[in-house]
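Below: the structure, in structure tokens.
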Amino acid sequence: MNPAAWHGQRPSQMPMPVRVSHFPQVPQSTSAVTHYRVVRPAAYPVRTAAPAHASPPTRLWRMLRVGAAAVQVMEEPSMQSKRLPWVVQQPGDVVLTSGRTHGDWVELLFAHLRKGWAPLSSFVPHGLGGYHGDGLYDGANRAIRQHQSEMQHIHLEPNLPEPALRAPSKSFHLQKEAWQAYVWLPELASPGPLPLLVAFHGSRPMDWDFLSFAERWQKDASAYQIAVLVPESVGPTWDYLLTCQRRDMDFIEYAINQTRCQVSIDDQQIAIMGMSDGASLAMSMALRNPGIFRTALVQATGFFHDTAPDTLKPRVYMEYGTEDKLFGPDTVARPTRDRLRDLGRLGDRNRFFVSAFKWCESLC
């Protein structure tokens, strides 16, 4: 190969030994030309070659599954590197790979495409999504969208009891294993089904007072004649953002359906709201499930994933602070709005607002 292909490196700077990732081999096709992938140190680009005499290839799948033991993800491909806080993949979890390896380590991708490293021996092939270098058109992005779509999917249980048979309409607390949520209802509810608002907190300290945060929504339930569901993440933020998994999402789905079982809810009027990390989660969920969440109310959205192009478009109200140093108007706010517009997700009913307030840490 022409040395220019190595991003301007001189021949003396080109990599020396080639390390092949140690990964289970898979049966090959009967094609006369066998493609294989070689893995080089992280600082170097990856080359592929296809000589007719090549030995059976070693493939790096775009999706892997965690084996029998939990895996702590590291910042760099070394056990002496710093651990990524709270980024632990549990047995059976499906993870995304970037296509890069370093020795016996593989680079992983998370929800907001943050990266980390883990030993390749900790995983087994997932099978779906193909493998890096398979020639599949837009294969990497397809695998990302497929995985994100599964992580964000919400299912509403059908065939709920008749409203007259449900529990009395009063605020209540939900608990399932380590997860909890509060459901606030109007003190004097109007006749008929209630709209439902699902409200997500942002990144939080582990010793915070969740009840104090959740109680803020109690007066809104009465003021606007709605039901408000306020769930809590187990970790310092939602695991979808940390590890690209859905244990928190499973509880959110459970809490929504439990609320619908105990309260007469209008399924055509379910909205989702979030702040900071909670806004990123809420926006992504609304775009993934537009048939469920008809409106998204988000403050200081850091990012979002649009995994399921759909003719349905949720109403979106976005708000940012002009003095916000983390999610600035020019660095995050307007680019996020423009991306929504480019994806065709901004309709006539959507609003974008940069307000003159400084983001309050207590709401994050």
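Every chain in the structure tokens takes a letter, A first, then B, and so on in the order presented; its residues are numbered from 1, and the ligands are numbered from 1 following the presented order.
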Using only C-alpha atoms, I'd like a table of the residues in range 189-297 of chain A that come within 12 Å of range 100-117 of chain A; for each, show the closest atom pair and its distance in Å rounded to one decimal, ordered by chain and ascending number, as a tab-separated table.
residue	atom	partner	partner_atom	distance
A:Trp238	CA	A:Ala111	CA	10.7
A:Asp239	CA	A:Ala111	CA	9.4
A:Tyr240	CA	A:Ala111	CA	6.4
A:Leu241	CA	A:Ala111	CA	5.4
A:Leu242	CA	A:Phe110	CA	7.0
A:Thr243	CA	A:Phe110	CA	5.8
A:Cys244	CA	A:Ala111	CA	4.9
A:Gln245	CA	A:Ala111	CA	8.5
A:Arg246	CA	A:Ala111	CA	10.9
A:Asp277	CA	A:His112	CA	10.8
A:Ser280	CA	A:His112	CA	9.3
A:Leu281	CA	A:Ala111	CA	9.8
A:Ser284	CA	A:Ala111	CA	10.1
Exercise: Val95 in chain A partners within 7 Å, only C-alpha atoms, chain neighbours under 5 positions left out, as an NGL selection string
:A and (63-65 or 108)
Any idea what the distance is between CA of Phe327 in chain A and CA of Gly278 in chain A?
13.6 Å
Selection near Arg83 in chain A, 8 Å with only C-alpha atoms, sequence-local residues under 6 positions removed, as an MDAnalysis selection string
chainID A and resid 72:75
Emit the selected residues as an mmCIF file, in the first residue's frame, including C-alpha atoms.
data_model
loop_
_atom_site.group_PDB
_atom_site.id
_atom_site.type_symbol
_atom_site.label_atom_id
_atom_site.label_comp_id
_atom_site.auth_asym_id
_atom_site.auth_seq_id
_atom_site.Cartn_x
_atom_site.Cartn_y
_atom_site.Cartn_z
ATOM 1 C CA GLN A 72 -15.649 -2.862 34.366
ATOM 2 C CA VAL A 73 -15.003 -0.521 31.430
ATOM 3 C CA MET A 74 -11.720 1.433 31.493
ATOM 4 C CA GLU A 75 -10.654 4.741 29.977
#
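Nearest to Gly192 in chain A of all the residues A:Ser222, A:Ser122, A:Val263, A:Gln299 is A:Val263, based on only C-alpha atoms.
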Shell of 8 Å around Gly130 in chain A, only C-alpha atoms, local chain residues under 3 positions omitted, as a ChimeraX atom specification
/A:61-63,127,134,136,139,143
One-decimal distance in Å that lies between CA of Gln148 in chain A and CA of Gly67 in chain A:
20.6 Å
Could you pull the residues within 8 Å of Gln269 in chain A, counting only C-alpha atoms, minus those fewer than 2 positions along the same chain, as a count of residues only?
7
Using only C-alpha atoms, which residues sit within 7 Å of Trp179 in chain A once same-chain residues fewer than 6 positions away are excluded, as a PDB file with N, CA and C atoms, in the first residue's frame?
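File written: part.pdb
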ATOM      1  N   GLU A 232     -36.936   7.315  39.518  1.00  0.00           N
ATOM      2  CA  GLU A 232     -35.553   7.578  39.927  1.00  0.00           C
ATOM      3  C   GLU A 232     -34.628   6.538  39.313  1.00  0.00           C
ATOM      4  N   SER A 233     -33.473   6.977  38.846  1.00  0.00           N
ATOM      5  CA  SER A 233     -32.455   6.041  38.363  1.00  0.00           C
ATOM      6  C   SER A 233     -31.763   5.391  39.555  1.00  0.00           C
ATOM      7  N   VAL A 234     -31.181   4.216  39.342  1.00  0.00           N
ATOM      8  CA  VAL A 234     -30.446   3.548  40.413  1.00  0.00           C
ATOM      9  C   VAL A 234     -29.066   4.172  40.594  1.00  0.00           C
ATOM     10  N   PHE A 251     -37.751  -0.329  34.221  1.00  0.00           N
ATOM     11  CA  PHE A 251     -38.557   0.147  35.347  1.00  0.00           C
ATOM     12  C   PHE A 251     -39.485   1.279  34.910  1.00  0.00           C
TER      13      PHE A 251
END
Check the smallest atom-to-atom distance from each of A:His153, A:His201, A:Arg334, A:His126 to Met285 in chain A using only C-alpha atoms, then report the winner.
A:His153
Selected residue, from A:Ala70, A:Leu197, A:Val332, A:Val87, that lies nearest to Trp217 in chain A when counting only C-alpha atoms
A:Leu197
List every residue of range 141-225 of chain A that DSSP, applied to the backbone of this structure, assigns to strand (DSSP E), and report them as a PDB file with C-alpha atoms, in the first residue's frame.
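Generated file (selection-v3.pdb):
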ATOM      1  CA  PHE A 172     -48.915   6.677  45.532  1.00  0.00           C
ATOM      2  CA  HIS A 173     -45.376   5.277  45.608  1.00  0.00           C
ATOM      3  CA  LEU A 174     -44.043   2.511  43.333  1.00  0.00           C
ATOM      4  CA  GLN A 175     -41.179   0.209  44.312  1.00  0.00           C
ATOM      5  CA  LYS A 176     -39.549  -2.610  42.370  1.00  0.00           C
ATOM      6  CA  TRP A 179     -36.026   1.260  41.707  1.00  0.00           C
ATOM      7  CA  GLN A 180     -38.733   3.631  42.911  1.00  0.00           C
ATOM      8  CA  ALA A 181     -41.105   6.282  41.589  1.00  0.00           C
ATOM      9  CA  TYR A 182     -43.798   8.627  42.849  1.00  0.00           C
ATOM     10  CA  VAL A 183     -47.118   9.175  41.106  1.00  0.00           C
ATOM     11  CA  TRP A 184     -48.851  12.469  41.918  1.00  0.00           C
ATOM     12  CA  LEU A 194     -56.135  12.136  33.095  1.00  0.00           C
ATOM     13  CA  PRO A 195     -53.205  13.171  30.890  1.00  0.00           C
ATOM     14  CA  LEU A 196     -49.895  11.697  32.097  1.00  0.00           C
ATOM     15  CA  LEU A 197     -46.567  13.510  32.396  1.00  0.00           C
ATOM     16  CA  VAL A 198     -43.400  11.409  32.902  1.00  0.00           C
ATOM     17  CA  ALA A 199     -40.658  13.592  34.447  1.00  0.00           C
ATOM     18  CA  PHE A 200     -36.959  12.627  34.524  1.00  0.00           C
TER      19      PHE A 200
END
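From CA of Thr336 in chain A back to CA of Phe303 in chain A, the distance works out to 7.1 Å.
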Would you list, as a PyMOL selection string, the residues of range 86-205 of chain A that end up in alpha helix (DSSP H) under DSSP run on this structure's backbone?
chain A and resi 139-152
I need the chosen residues saved as a compact mmCIF listing (two decimals), in the first residue's frame, with C-alpha atoms.
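Final output, saved to again_24.txt:
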# COMPACT_ATOMS: atom_id res chain seq x y z
CA GLY A 139 -23.17 -1.22 8.69
CA ALA A 140 -21.80 0.61 11.73
CA ASN A 141 -24.62 3.16 11.84
CA ARG A 142 -27.21 0.45 11.25
CA ALA A 143 -25.90 -1.52 14.22
CA ILE A 144 -25.95 1.59 16.41
CA ARG A 145 -29.52 2.45 15.42
CA GLN A 146 -30.67 -1.14 15.96
CA HIS A 147 -29.18 -1.31 19.44
CA GLN A 148 -30.38 2.15 20.46
CA SER A 149 -33.86 1.35 19.21
CA GLU A 150 -34.04 -1.75 21.40
CA MET A 151 -32.77 0.16 24.43
CA GLN A 152 -35.40 2.93 24.09
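With only C-alpha atoms as the basis for measurement, A:Val66 is the residue among A:Ala255, A:Met79, A:Val66, A:Met318 that approaches Asp93 in chain A most closely.
Nearest to Ile252 in chain A of all the residues A:Ile154, A:Ala178, A:Leu60, A:Val94 is A:Ile154, counting only C-alpha atoms.
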